[in-house]
file work_7.pdb (PDB, C-alpha atoms)
MODEL        1
ATOM      1  CA  MET S   1      75.606  70.065  99.681
ATOM      2  CA  SER S   2      77.440  72.017  96.989
ATOM      3  CA  LYS S   3      79.751  74.887  97.866
ATOM      4  CA  SER S   4      78.069  78.175  98.616
ATOM      5  CA  LYS S   5      78.398  80.767  95.884
ATOM      6  CA  ILE S   6      79.353  84.107  97.394
ATOM      7  CA  VAL S   7      79.108  87.238  95.242
ATOM      8  CA  VAL S   8      81.437  90.014  96.382
ATOM      9  CA  ILE S   9      79.794  93.329  95.465
ATOM     10  CA  THR S  10      81.577  96.671  95.179
ATOM     11  CA  SER S  11      79.736  99.838  96.145
ATOM     12  CA  THR S  12      81.269 102.701  94.215
ATOM     13  CA  SER S  13      81.628 103.655  90.598
ATOM     14  CA  ARG S  14      83.712 106.822  90.669
ATOM     15  CA  HIS S  15      87.187 107.115  89.167
ATOM     16  CA  GLY S  16      90.013 106.672  91.670
ATOM     17  CA  ARG S  17      87.874 104.589  94.020
ATOM     18  CA  SER S  18      89.321 102.171  96.586
ATOM     19  CA  GLY S  19      86.498  99.616  96.421
ATOM     20  CA  ARG S  20      87.785  97.511  93.542
ATOM     21  CA  LYS S  21      91.230  97.239  95.114
ATOM     22  CA  ILE S  22      89.608  96.149  98.383
ATOM     23  CA  ALA S  23      87.351  93.625  96.623
ATOM     24  CA  ASP S  24      90.290  92.081  94.749
ATOM     25  CA  TRP S  25      92.292  91.866  97.990
ATOM     26  CA  TYR S  26      89.315  90.365  99.852
ATOM     27  CA  ILE S  27      88.708  87.645  97.267
ATOM     28  CA  ALA S  28      92.418  86.739  97.209
ATOM     29  CA  GLU S  29      92.424  86.454 101.011
ATOM     30  CA  ALA S  30      89.128  84.525 101.038
ATOM     31  CA  LYS S  31      90.573  81.926  98.670
ATOM     32  CA  LYS S  32      93.434  81.342 101.146
ATOM     33  CA  THR S  33      91.016  80.355 103.923
ATOM     34  CA  LYS S  34      89.712  76.866 104.635
ATOM     35  CA  VAL S  35      86.149  78.026 103.986
ATOM     36  CA  GLU S  36      84.323  75.926 101.383
ATOM     37  CA  ALA S  37      82.860  78.526  99.025
ATOM     38  CA  GLU S  38      83.122  79.883  95.502
ATOM     39  CA  PHE S  39      83.689  83.613  95.083
ATOM     40  CA  GLU S  40      82.581  85.826  92.227
ATOM     41  CA  LEU S  41      83.204  89.563  91.886
ATOM     42  CA  LEU S  42      80.385  91.875  90.846
ATOM     43  CA  ASP S  43      81.830  95.341  90.232
ATOM     44  CA  ILE S  44      78.861  97.671  89.871
ATOM     45  CA  ALA S  45      81.034 100.249  88.083
ATOM     46  CA  GLU S  46      81.304  97.811  85.174
ATOM     47  CA  LEU S  47      77.503  97.763  84.847
ATOM     48  CA  ASP S  48      77.434 101.526  84.168
ATOM     49  CA  LEU S  49      73.884 101.688  85.529
ATOM     50  CA  PRO S  50      71.691 104.711  84.890
ATOM     51  CA  LEU S  51      69.613 106.035  87.765
ATOM     52  CA  PHE S  52      66.830 103.483  88.294
ATOM     53  CA  ASN S  53      63.942 104.521  86.055
ATOM     54  CA  GLU S  54      62.333 101.289  84.900
ATOM     55  CA  PRO S  55      58.593 101.423  84.049
ATOM     56  CA  MET S  56      57.619  98.737  86.597
ATOM     57  CA  SER S  57      58.521  98.309  90.237
ATOM     58  CA  PRO S  58      60.954  95.398  90.708
ATOM     59  CA  MET S  59      58.421  93.932  93.139
ATOM     60  CA  MET S  60      56.241  93.154  90.101
ATOM     61  CA  GLY S  61      58.924  90.833  88.678
ATOM     62  CA  GLN S  62      58.528  92.231  85.155
ATOM     63  CA  TYR S  63      62.138  92.968  84.383
ATOM     64  CA  SER S  64      63.855  94.733  81.514
ATOM     65  CA  GLU S  65      66.848  93.163  79.783
ATOM     66  CA  LEU S  66      69.199  95.048  82.124
ATOM     67  CA  GLN S  67      67.290  93.908  85.189
ATOM     68  CA  ASN S  68      67.362  90.309  83.964
ATOM     69  CA  LYS S  69      71.150  90.545  83.630
ATOM     70  CA  ILE S  70      71.443  91.649  87.265
ATOM     71  CA  ALA S  71      68.823  89.136  88.408
ATOM     72  CA  LYS S  72      70.808  86.260  86.895
ATOM     73  CA  VAL S  73      73.899  87.064  88.975
ATOM     74  CA  ILE S  74      72.070  87.832  92.228
ATOM     75  CA  GLY S  75      69.615  84.966  91.773
ATOM     76  CA  GLY S  76      72.494  82.517  91.295
ATOM     77  CA  ALA S  77      74.197  83.575  94.529
ATOM     78  CA  ASP S  78      73.780  81.991  97.946
ATOM     79  CA  GLY S  79      75.240  84.946  99.796
ATOM     80  CA  PHE S  80      77.005  88.247  99.469
ATOM     81  CA  VAL S  81      79.937  90.200 100.790
ATOM     82  CA  PHE S  82      79.342  93.909 100.365
ATOM     83  CA  ILE S  83      82.468  96.027 100.004
ATOM     84  CA  THR S  84      81.049  99.398 100.987
ATOM     85  CA  ALA S  85      82.466 102.855 101.221
ATOM     86  CA  GLU S  86      80.909 105.346 103.579
ATOM     87  CA  TYR S  87      79.586 108.502 101.942
ATOM     88  CA  ASN S  88      77.966 111.098 104.223
ATOM     89  CA  HIS S  89      77.380 108.557 107.017
ATOM     90  CA  SER S  90      75.667 106.072 104.668
ATOM     91  CA  ILE S  91      76.178 103.856 101.634
ATOM     92  CA  PRO S  92      77.105 105.287  98.239
ATOM     93  CA  GLY S  93      74.176 106.176  95.996
ATOM     94  CA  SER S  94      75.591 103.863  93.327
ATOM     95  CA  LEU S  95      75.123 100.846  95.632
ATOM     96  CA  LYS S  96      71.571 101.787  96.587
ATOM     97  CA  ASN S  97      70.712 102.385  92.929
ATOM     98  CA  PHE S  98      72.091  98.927  92.028
ATOM     99  CA  MET S  99      70.135  97.217  94.796
ATOM    100  CA  ASP S 100      66.882  98.853  93.674
ATOM    101  CA  TYR S 101      66.965  97.226  90.223
ATOM    102  CA  ILE S 102      65.665  93.819  91.358
ATOM    103  CA  ASN S 103      63.749  92.347  94.264
ATOM    104  CA  ALA S 104      62.919  88.646  94.687
ATOM    105  CA  GLU S 105      66.407  87.440  93.717
ATOM    106  CA  TRP S 106      67.784  88.910  96.974
ATOM    107  CA  HIS S 107      65.337  87.031  99.209
ATOM    108  CA  HIS S 108      66.381  84.484 101.831
ATOM    109  CA  LYS S 109      70.116  84.836 101.372
ATOM    110  CA  ALA S 110      72.867  86.036 103.704
ATOM    111  CA  ALA S 111      75.333  88.909 103.677
ATOM    112  CA  ALA S 112      78.552  89.990 105.367
ATOM    113  CA  PHE S 113      80.317  93.327 105.158
ATOM    114  CA  VAL S 114      83.614  95.051 104.525
ATOM    115  CA  GLY S 115      83.416  98.753 105.267
ATOM    116  CA  TYR S 116      85.950 101.426 104.459
ATOM    117  CA  GLY S 117      86.272 105.108 105.131
ATOM    118  CA  SER S 118      87.350 107.473 107.879
ATOM    119  CA  THR S 119      85.661 105.248 110.488
ATOM    120  CA  GLY S 120      85.927 101.959 108.623
ATOM    121  CA  GLY S 121      82.500 102.288 107.039
ATOM    122  CA  ILE S 122      80.659 101.529 110.279
ATOM    123  CA  ARG S 123      77.699 103.813 109.572
ATOM    124  CA  ALA S 124      77.424 102.625 105.972
ATOM    125  CA  ILE S 125      77.209  99.026 107.188
ATOM    126  CA  GLU S 126      74.469  99.983 109.656
ATOM    127  CA  HIS S 127      72.401 101.547 106.858
ATOM    128  CA  LEU S 128      73.078  98.655 104.505
ATOM    129  CA  ILE S 129      71.796  96.174 107.092
ATOM    130  CA  ALA S 130      68.482  98.072 107.253
ATOM    131  CA  ILE S 131      68.122  98.096 103.461
ATOM    132  CA  LEU S 132      68.938  94.393 103.229
ATOM    133  CA  ALA S 133      66.341  93.573 105.886
ATOM    134  CA  GLU S 134      63.677  94.997 103.569
ATOM    135  CA  LEU S 135      65.048  92.763 100.779
ATOM    136  CA  ARG S 136      64.867  89.729 103.113
ATOM    137  CA  VAL S 137      68.633  89.284 103.267
ATOM    138  CA  ALA S 138      69.996  88.066 106.598
ATOM    139  CA  SER S 139      72.900  90.146 107.834
ATOM    140  CA  VAL S 140      74.800  87.393 109.543
ATOM    141  CA  ALA S 141      77.804  89.029 111.093
ATOM    142  CA  THR S 142      77.826  91.012 114.300
ATOM    143  CA  GLY S 143      79.944  94.128 114.590
ATOM    144  CA  SER S 144      82.953  92.064 115.616
ATOM    145  CA  ASP S 145      82.641  89.999 112.424
ATOM    146  CA  HIS S 146      82.646  92.976 110.075
ATOM    147  CA  ILE S 147      85.858  93.891 108.314
ATOM    148  CA  HIS S 148      86.797  97.566 108.605
ATOM    149  CA  ILE S 149      89.481  99.474 106.747
ATOM    150  CA  ASN S 150      90.170 102.921 108.165
ATOM    151  CA  ALA S 151      91.526 105.742 106.015
ATOM    152  CA  PRO S 152      91.727 103.764 102.742
ATOM    153  CA  TRP S 153      93.562 106.641 101.066
ATOM    154  CA  VAL S 154      96.677 105.672 103.114
ATOM    155  CA  ALA S 155      95.760 102.135 104.220
ATOM    156  CA  PHE S 156      97.365 100.152 101.389
ATOM    157  CA  ASP S 157     100.971  99.233 100.793
ATOM    158  CA  GLU S 158     102.568  99.135  97.345
ATOM    159  CA  ASN S 159     101.210  95.583  96.811
ATOM    160  CA  GLY S 160      97.583  96.574  97.444
ATOM    161  CA  ILE S 161      97.494  94.977 100.914
ATOM    162  CA  PRO S 162      95.934  96.890 103.829
ATOM    163  CA  LYS S 163      98.435  97.819 106.535
ATOM    164  CA  LYS S 164      97.713  96.138 109.873
ATOM    165  CA  GLU S 165      97.073  99.411 111.684
ATOM    166  CA  HIS S 166      94.238 100.207 109.245
ATOM    167  CA  LEU S 167      92.628  96.751 109.103
ATOM    168  CA  HIS S 168      90.199  95.379 111.671
ATOM    169  CA  GLY S 169      88.475  92.000 111.546
ATOM    170  CA  ASN S 170      89.169  88.437 110.462
ATOM    171  CA  ILE S 171      88.115  87.277 106.992
ATOM    172  CA  GLU S 172      88.163  83.568 107.795
ATOM    173  CA  ASN S 173      85.929  84.007 110.864
ATOM    174  CA  GLN S 174      83.585  86.224 108.879
ATOM    175  CA  LEU S 175      83.327  83.705 106.056
ATOM    176  CA  LYS S 176      82.765  80.753 108.400
ATOM    177  CA  GLU S 177      79.738  82.565 109.827
ATOM    178  CA  LEU S 178      78.504  83.636 106.383
ATOM    179  CA  VAL S 179      78.801  80.147 104.898
ATOM    180  CA  TRP S 180      77.018  78.575 107.865
ATOM    181  CA  TRP S 181      74.079  80.897 107.152
ATOM    182  CA  THR S 182      74.213  80.452 103.381
ATOM    183  CA  ASN S 183      74.069  76.685 103.832
ATOM    184  CA  ALA S 184      71.136  76.940 106.252
ATOM    185  CA  LEU S 185      69.216  79.292 103.974
ATOM    186  CA  LYS S 186      70.043  77.259 100.864
ATOM    187  CA  ALA S 187      68.546  74.182 102.558
ATOM    188  CA  ALA S 188      65.478  76.192 103.576
ATOM    189  CA  ARG S 189      65.023  77.549 100.029
ATOM    190  CA  SER S 190      65.057  73.959  98.743
TER     191      SER S 190
ENDMDL
END

call {"tool": "encode", "arguments": {"input": "work_7.pdb", "output": "structure tokens"}}
result
Amino acid sequence: MSKSKIVVITSTSRHGRSGRKIADWYIAEAKKTKVEAEFELLDIAELDLPLFNEPMSPMMGQYSELQNKIAKVIGGADGFVFITAEYNHSIPGSLKNFMDYINAEWHHKAAAFVGYGSTGGIRAIEHLIAILAELRVASVATGSDHIHINAPWVAFDENGIPKKEHLHGNIENQLKELVWWTNALKAARS
């Protein structure tokens, strides 16, 4: 079986955000593990998405050019790692808006989570799991497999690495679980 393709998705689009720094760090750390997977970054800020206002529901599968662009990336993935901030006890609106653009391309894939915020993004991850369930994405990691970064505004050293006292979780363990599920679901989709 070919290596699983994991798309690492940022959640925020505002200036001065921490999400891109966390995503870059995560991918660098993931590549150091023994996990057999390919990693691709999808930074939703670079998409500069307007508020979802397409004429057809994504469930109809009649996509605009912009939707087709998103569908190509998500459809080509076997699994996802969501790098999510916590805004008002939930996910950022920019992430929800992004997820609403397509539908079927999410189905029967797996996801893991990196949360950040004052409580490590715990509540955002909980809400994201519920949204992904509706999109038929298996949330494979239990709470102990999530990665949490507390207080990201002070969590990083000068090299962009989270300080140990702000970081909770193990990337290699998380990815082993995610890749097991991506392989199982990839076989089932075949």

call {"tool": "residues_around", "arguments": {"input": "work_7.pdb", "residues": "Ser64 of chain S", "least_positions_apart": "6", "cutoff": "12 Å", "atoms": "only C-alpha atoms", "output": "list in words"}}
result
Phe52, Asn53, Glu54, Pro55, Met56, Ser57, Pro58, Ile70, Ala71, Tyr101 and Ile102 of chain S

call {"tool": "atom_distance", "arguments": {"input": "work_7.pdb", "atom1": "atom CA of Ile74 of chain S", "atom2": "atom CA of Leu95 of chain S"}}
result
13.8 Å

call {"tool": "closest_residue", "arguments": {"input": "work_7.pdb", "among": "S:Ser139, S:Ser90, S:Asn150, S:Ser144", "to": "Tyr116 of chain S", "atoms": "only C-alpha atoms"}}
result
S:Asn150

call {"tool": "resolve_selection", "arguments": {"input": "work_7.pdb", "expression": "the PyMOL selection byres ((chain S and resi 154) around 12)", "output": "mmCIF file with C-alpha atoms, in the frame of the given file"}}
result
data_model
loop_
_atom_site.group_PDB
_atom_site.id
_atom_site.type_symbol
_atom_site.label_atom_id
_atom_site.label_comp_id
_atom_site.auth_asym_id
_atom_site.auth_seq_id
_atom_site.Cartn_x
_atom_site.Cartn_y
_atom_site.Cartn_z
ATOM 1 C CA SER S 18 89.321 102.171 96.586
ATOM 2 C CA TYR S 116 85.950 101.426 104.459
ATOM 3 C CA GLY S 117 86.272 105.108 105.131
ATOM 4 C CA SER S 118 87.350 107.473 107.879
ATOM 5 C CA ILE S 149 89.481 99.474 106.747
ATOM 6 C CA ASN S 150 90.170 102.921 108.165
ATOM 7 C CA ALA S 151 91.526 105.742 106.015
ATOM 8 C CA PRO S 152 91.727 103.764 102.742
ATOM 9 C CA TRP S 153 93.562 106.641 101.066
ATOM 10 C CA ALA S 155 95.760 102.135 104.220
ATOM 11 C CA PHE S 156 97.365 100.152 101.389
ATOM 12 C CA ASP S 157 100.971 99.233 100.793
ATOM 13 C CA GLU S 158 102.568 99.135 97.345
ATOM 14 C CA GLY S 160 97.583 96.574 97.444
ATOM 15 C CA ILE S 161 97.494 94.977 100.914
ATOM 16 C CA PRO S 162 95.934 96.890 103.829
ATOM 17 C CA LYS S 163 98.435 97.819 106.535
ATOM 18 C CA LYS S 164 97.713 96.138 109.873
ATOM 19 C CA GLU S 165 97.073 99.411 111.684
ATOM 20 C CA HIS S 166 94.238 100.207 109.245
ATOM 21 C CA LEU S 167 92.628 96.751 109.103
#

call {"tool": "resolve_selection", "arguments": {"input": "work_7.pdb", "expression": "the PyMOL selection byres ((chain S and resi 181) around 10)", "output": "compact mmCIF listing (two decimals) with C-alpha atoms, keeping the file's coordinate frame"}}
result
# COMPACT_ATOMS: atom_id res chain seq x y z
CA SER S 4 78.07 78.18 98.62
CA ASP S 78 73.78 81.99 97.95
CA GLY S 79 75.24 84.95 99.80
CA LYS S 109 70.12 84.84 101.37
CA ALA S 110 72.87 86.04 103.70
CA ALA S 111 75.33 88.91 103.68
CA ALA S 138 70.00 88.07 106.60
CA SER S 139 72.90 90.15 107.83
CA VAL S 140 74.80 87.39 109.54
CA ALA S 141 77.80 89.03 111.09
CA LEU S 175 83.33 83.70 106.06
CA LYS S 176 82.76 80.75 108.40
CA GLU S 177 79.74 82.56 109.83
CA LEU S 178 78.50 83.64 106.38
CA VAL S 179 78.80 80.15 104.90
CA TRP S 180 77.02 78.58 107.86
CA THR S 182 74.21 80.45 103.38
CA ASN S 183 74.07 76.68 103.83
CA ALA S 184 71.14 76.94 106.25
CA LEU S 185 69.22 79.29 103.97
CA LYS S 186 70.04 77.26 100.86
CA ALA S 187 68.55 74.18 102.56

call {"tool": "atom_distance", "arguments": {"input": "work_7.pdb", "atom1": "atom CA of Trp106 of chain S", "atom2": "atom CA of His168 of chain S"}}
result
27.6 Å

call {"tool": "atom_distance", "arguments": {"input": "work_7.pdb", "atom1": "atom CA of His148 of chain S", "atom2": "atom CA of Asn97 of chain S"}}
result
23.0 Å

call {"tool": "closest_residue", "arguments": {"input": "work_7.pdb", "among": "S:Ser190, S:Ile171, S:Val137, S:Glu126", "to": "Lys34 of chain S", "atoms": "all atoms listed in the file"}}
result
S:Ile171

call {"tool": "resolve_selection", "arguments": {"input": "work_7.pdb", "expression": "the PyMOL selection byres ((chain S and resi 19-21) around 10)", "output": "PyMOL selection string"}}
result
chain S and resi 9-14+16-18+22-26+41-45+82-85+114-116+152+156+160-162

call {"tool": "closest_residue", "arguments": {"input": "work_7.pdb", "among": "S:Met99, S:Ser94, S:Met60, S:Val81", "to": "Ile125 of chain S", "atoms": "only C-alpha atoms"}}
result
S:Val81

call {"tool": "axis_aligned_box", "arguments": {"input": "work_7.pdb", "around": "segment 8-11 of chain S", "padding_each_side": "3 Å", "output": "AutoDock Vina command-line options"}}
result
--center_x 80.7 --center_y 94.9 --center_z 95.8 --size_x 7.8 --size_y 15.8 --size_z 7.2

call {"tool": "decode", "arguments": {"input": "work_7.pdb", "residues": "segment 3-128 of chain S", "atoms": "C-alpha atoms", "output": "PDB file, in the first residue's frame"}}
result
ATOM      1  CA  LYS S   3       2.116   5.971   1.895  1.00  0.00           C
ATOM      2  CA  SER S   4      -0.828   7.809   3.364  1.00  0.00           C
ATOM      3  CA  LYS S   5      -1.133  11.416   2.271  1.00  0.00           C
ATOM      4  CA  ILE S   6      -1.832  13.611   5.278  1.00  0.00           C
ATOM      5  CA  VAL S   7      -2.961  17.202   4.713  1.00  0.00           C
ATOM      6  CA  VAL S   8      -2.136  19.498   7.626  1.00  0.00           C
ATOM      7  CA  ILE S   9      -4.795  22.227   7.714  1.00  0.00           C
ATOM      8  CA  THR S  10      -4.466  25.572   9.485  1.00  0.00           C
ATOM      9  CA  SER S  11      -7.540  27.157  11.030  1.00  0.00           C
ATOM     10  CA  THR S  12      -6.989  30.893  11.130  1.00  0.00           C
ATOM     11  CA  SER S  13      -6.478  33.631   8.606  1.00  0.00           C
ATOM     12  CA  ARG S  14      -5.862  36.731  10.703  1.00  0.00           C
ATOM     13  CA  HIS S  15      -2.601  38.675  10.717  1.00  0.00           C
ATOM     14  CA  GLY S  16      -0.261  37.782  13.576  1.00  0.00           C
ATOM     15  CA  ARG S  17      -1.736  34.301  13.960  1.00  0.00           C
ATOM     16  CA  SER S  18       0.132  31.399  15.576  1.00  0.00           C
ATOM     17  CA  GLY S  19      -1.380  28.648  13.415  1.00  0.00           C
ATOM     18  CA  ARG S  20       1.070  28.765  10.525  1.00  0.00           C
ATOM     19  CA  LYS S  21       4.048  28.657  12.878  1.00  0.00           C
ATOM     20  CA  ILE S  22       2.502  25.649  14.630  1.00  0.00           C
ATOM     21  CA  ALA S  23       1.739  23.898  11.326  1.00  0.00           C
ATOM     22  CA  ASP S  24       5.303  24.396  10.069  1.00  0.00           C
ATOM     23  CA  TRP S  25       6.692  23.086  13.372  1.00  0.00           C
ATOM     24  CA  TYR S  26       4.305  20.106  13.314  1.00  0.00           C
ATOM     25  CA  ILE S  27       5.242  19.064   9.781  1.00  0.00           C
ATOM     26  CA  ALA S  28       8.965  19.351  10.581  1.00  0.00           C
ATOM     27  CA  GLU S  29       8.489  17.160  13.664  1.00  0.00           C
ATOM     28  CA  ALA S  30       6.270  14.693  11.773  1.00  0.00           C
ATOM     29  CA  LYS S  31       8.980  14.187   9.155  1.00  0.00           C
ATOM     30  CA  LYS S  32      11.411  13.202  11.943  1.00  0.00           C
ATOM     31  CA  THR S  33       9.183  10.318  13.060  1.00  0.00           C
ATOM     32  CA  LYS S  34       9.279   6.762  11.746  1.00  0.00           C
ATOM     33  CA  VAL S  35       5.698   7.085  10.508  1.00  0.00           C
ATOM     34  CA  GLU S  36       5.288   6.230   6.817  1.00  0.00           C
ATOM     35  CA  ALA S  37       3.301   9.169   5.449  1.00  0.00           C
ATOM     36  CA  GLU S  38       3.550  12.161   3.144  1.00  0.00           C
ATOM     37  CA  PHE S  39       2.646  15.563   4.562  1.00  0.00           C
ATOM     38  CA  GLU S  40       1.212  18.540   2.728  1.00  0.00           C
ATOM     39  CA  LEU S  41       0.344  21.924   4.235  1.00  0.00           C
ATOM     40  CA  LEU S  42      -2.960  23.585   3.403  1.00  0.00           C
ATOM     41  CA  ASP S  43      -2.934  27.110   4.837  1.00  0.00           C
ATOM     42  CA  ILE S  44      -6.489  28.395   4.535  1.00  0.00           C
ATOM     43  CA  ALA S  45      -5.268  31.998   4.845  1.00  0.00           C
ATOM     44  CA  GLU S  46      -3.600  31.587   1.450  1.00  0.00           C
ATOM     45  CA  LEU S  47      -6.967  30.697  -0.108  1.00  0.00           C
ATOM     46  CA  ASP S  48      -8.418  34.090   0.893  1.00  0.00           C
ATOM     47  CA  LEU S  49     -11.906  32.568   0.930  1.00  0.00           C
ATOM     48  CA  PRO S  50     -14.989  34.769   0.946  1.00  0.00           C
ATOM     49  CA  LEU S  51     -17.844  33.807   3.239  1.00  0.00           C
ATOM     50  CA  PHE S  52     -19.430  30.711   1.677  1.00  0.00           C
ATOM     51  CA  ASN S  53     -22.104  31.935  -0.729  1.00  0.00           C
ATOM     52  CA  GLU S  54     -22.094  29.470  -3.607  1.00  0.00           C
ATOM     53  CA  PRO S  55     -25.395  29.015  -5.510  1.00  0.00           C
ATOM     54  CA  MET S  56     -25.608  25.254  -4.828  1.00  0.00           C
ATOM     55  CA  SER S  57     -25.192  23.271  -1.643  1.00  0.00           C
ATOM     56  CA  PRO S  58     -21.909  21.311  -1.674  1.00  0.00           C
ATOM     57  CA  MET S  59     -23.998  18.185  -1.091  1.00  0.00           C
ATOM     58  CA  MET S  60     -25.184  18.534  -4.703  1.00  0.00           C
ATOM     59  CA  GLY S  61     -21.613  18.100  -5.996  1.00  0.00           C
ATOM     60  CA  GLN S  62     -21.976  20.947  -8.501  1.00  0.00           C
ATOM     61  CA  TYR S  63     -18.884  22.914  -7.640  1.00  0.00           C
ATOM     62  CA  SER S  64     -17.583  26.291  -8.736  1.00  0.00           C
ATOM     63  CA  GLU S  65     -13.982  26.708  -9.866  1.00  0.00           C
ATOM     64  CA  LEU S  66     -12.971  27.665  -6.313  1.00  0.00           C
ATOM     65  CA  GLN S  67     -14.724  24.645  -4.850  1.00  0.00           C
ATOM     66  CA  ASN S  68     -13.038  22.367  -7.386  1.00  0.00           C
ATOM     67  CA  LYS S  69      -9.654  23.748  -6.308  1.00  0.00           C
ATOM     68  CA  ILE S  70     -10.396  22.850  -2.680  1.00  0.00           C
ATOM     69  CA  ALA S  71     -11.945  19.513  -3.654  1.00  0.00           C
ATOM     70  CA  LYS S  72      -8.771  18.486  -5.490  1.00  0.00           C
ATOM     71  CA  VAL S  73      -6.622  18.896  -2.370  1.00  0.00           C
ATOM     72  CA  ILE S  74      -9.090  17.353   0.088  1.00  0.00           C
ATOM     73  CA  GLY S  75     -10.100  14.597  -2.327  1.00  0.00           C
ATOM     74  CA  GLY S  76      -6.449  13.623  -2.813  1.00  0.00           C
ATOM     75  CA  ALA S  77      -5.835  13.273   0.926  1.00  0.00           C
ATOM     76  CA  ASP S  78      -6.118  10.110   2.994  1.00  0.00           C
ATOM     77  CA  GLY S  79      -6.260  11.951   6.291  1.00  0.00           C
ATOM     78  CA  PHE S  80      -5.925  15.279   8.003  1.00  0.00           C
ATOM     79  CA  VAL S  81      -4.257  16.973  10.919  1.00  0.00           C
ATOM     80  CA  PHE S  82      -6.201  20.050  11.938  1.00  0.00           C
ATOM     81  CA  ILE S  83      -4.160  22.798  13.571  1.00  0.00           C
ATOM     82  CA  THR S  84      -6.936  24.653  15.359  1.00  0.00           C
ATOM     83  CA  ALA S  85      -7.064  27.725  17.493  1.00  0.00           C
ATOM     84  CA  GLU S  86      -9.831  28.119  20.019  1.00  0.00           C
ATOM     85  CA  TYR S  87     -12.025  31.176  19.541  1.00  0.00           C
ATOM     86  CA  ASN S  88     -14.878  31.677  22.025  1.00  0.00           C
ATOM     87  CA  HIS S  89     -14.835  28.011  23.106  1.00  0.00           C
ATOM     88  CA  SER S  90     -15.030  26.742  19.503  1.00  0.00           C
ATOM     89  CA  ILE S  91     -13.213  26.641  16.177  1.00  0.00           C
ATOM     90  CA  PRO S  92     -12.411  29.805  14.233  1.00  0.00           C
ATOM     91  CA  GLY S  93     -15.062  30.900  11.747  1.00  0.00           C
ATOM     92  CA  SER S  94     -12.446  30.773   8.988  1.00  0.00           C
ATOM     93  CA  LEU S  95     -12.032  27.004   9.493  1.00  0.00           C
ATOM     94  CA  LYS S  96     -15.767  26.325   9.517  1.00  0.00           C
ATOM     95  CA  ASN S  97     -16.209  28.468   6.405  1.00  0.00           C
ATOM     96  CA  PHE S  98     -13.447  26.489   4.635  1.00  0.00           C
ATOM     97  CA  MET S  99     -14.969  23.145   5.592  1.00  0.00           C
ATOM     98  CA  ASP S 100     -18.385  24.182   4.260  1.00  0.00           C
ATOM     99  CA  TYR S 101     -17.124  24.661   0.691  1.00  0.00           C
ATOM    100  CA  ILE S 102     -17.123  20.954  -0.231  1.00  0.00           C
ATOM    101  CA  ASN S 103     -18.726  17.744   0.955  1.00  0.00           C
ATOM    102  CA  ALA S 104     -18.072  14.292  -0.535  1.00  0.00           C
ATOM    103  CA  GLU S 105     -14.288  14.747  -0.705  1.00  0.00           C
ATOM    104  CA  TRP S 106     -14.136  14.633   3.119  1.00  0.00           C
ATOM    105  CA  HIS S 107     -15.952  11.294   3.392  1.00  0.00           C
ATOM    106  CA  HIS S 108     -14.406   8.150   4.866  1.00  0.00           C
ATOM    107  CA  LYS S 109     -11.097   9.675   5.870  1.00  0.00           C
ATOM    108  CA  ALA S 110      -9.451  10.185   9.257  1.00  0.00           C
ATOM    109  CA  ALA S 111      -8.359  13.199  11.273  1.00  0.00           C
ATOM    110  CA  ALA S 112      -6.142  14.070  14.225  1.00  0.00           C
ATOM    111  CA  PHE S 113      -5.839  17.366  16.052  1.00  0.00           C
ATOM    112  CA  VAL S 114      -3.443  19.980  17.346  1.00  0.00           C
ATOM    113  CA  GLY S 115      -5.209  22.556  19.475  1.00  0.00           C
ATOM    114  CA  TYR S 116      -3.853  25.827  20.772  1.00  0.00           C
ATOM    115  CA  GLY S 117      -5.130  28.563  23.007  1.00  0.00           C
ATOM    116  CA  SER S 118      -5.524  29.359  26.684  1.00  0.00           C
ATOM    117  CA  THR S 119      -6.576  25.750  27.376  1.00  0.00           C
ATOM    118  CA  GLY S 120      -4.737  24.107  24.498  1.00  0.00           C
ATOM    119  CA  GLY S 121      -7.719  24.272  22.165  1.00  0.00           C
ATOM    120  CA  ILE S 122      -9.589  21.490  23.960  1.00  0.00           C
ATOM    121  CA  ARG S 123     -13.063  22.919  23.350  1.00  0.00           C
ATOM    122  CA  ALA S 124     -12.276  23.736  19.723  1.00  0.00           C
ATOM    123  CA  ILE S 125     -11.230  20.123  19.148  1.00  0.00           C
ATOM    124  CA  GLU S 126     -14.474  18.894  20.722  1.00  0.00           C
ATOM    125  CA  HIS S 127     -16.528  21.054  18.342  1.00  0.00           C
ATOM    126  CA  LEU S 128     -14.399  20.097  15.358  1.00  0.00           C
TER     127      LEU S 128
END
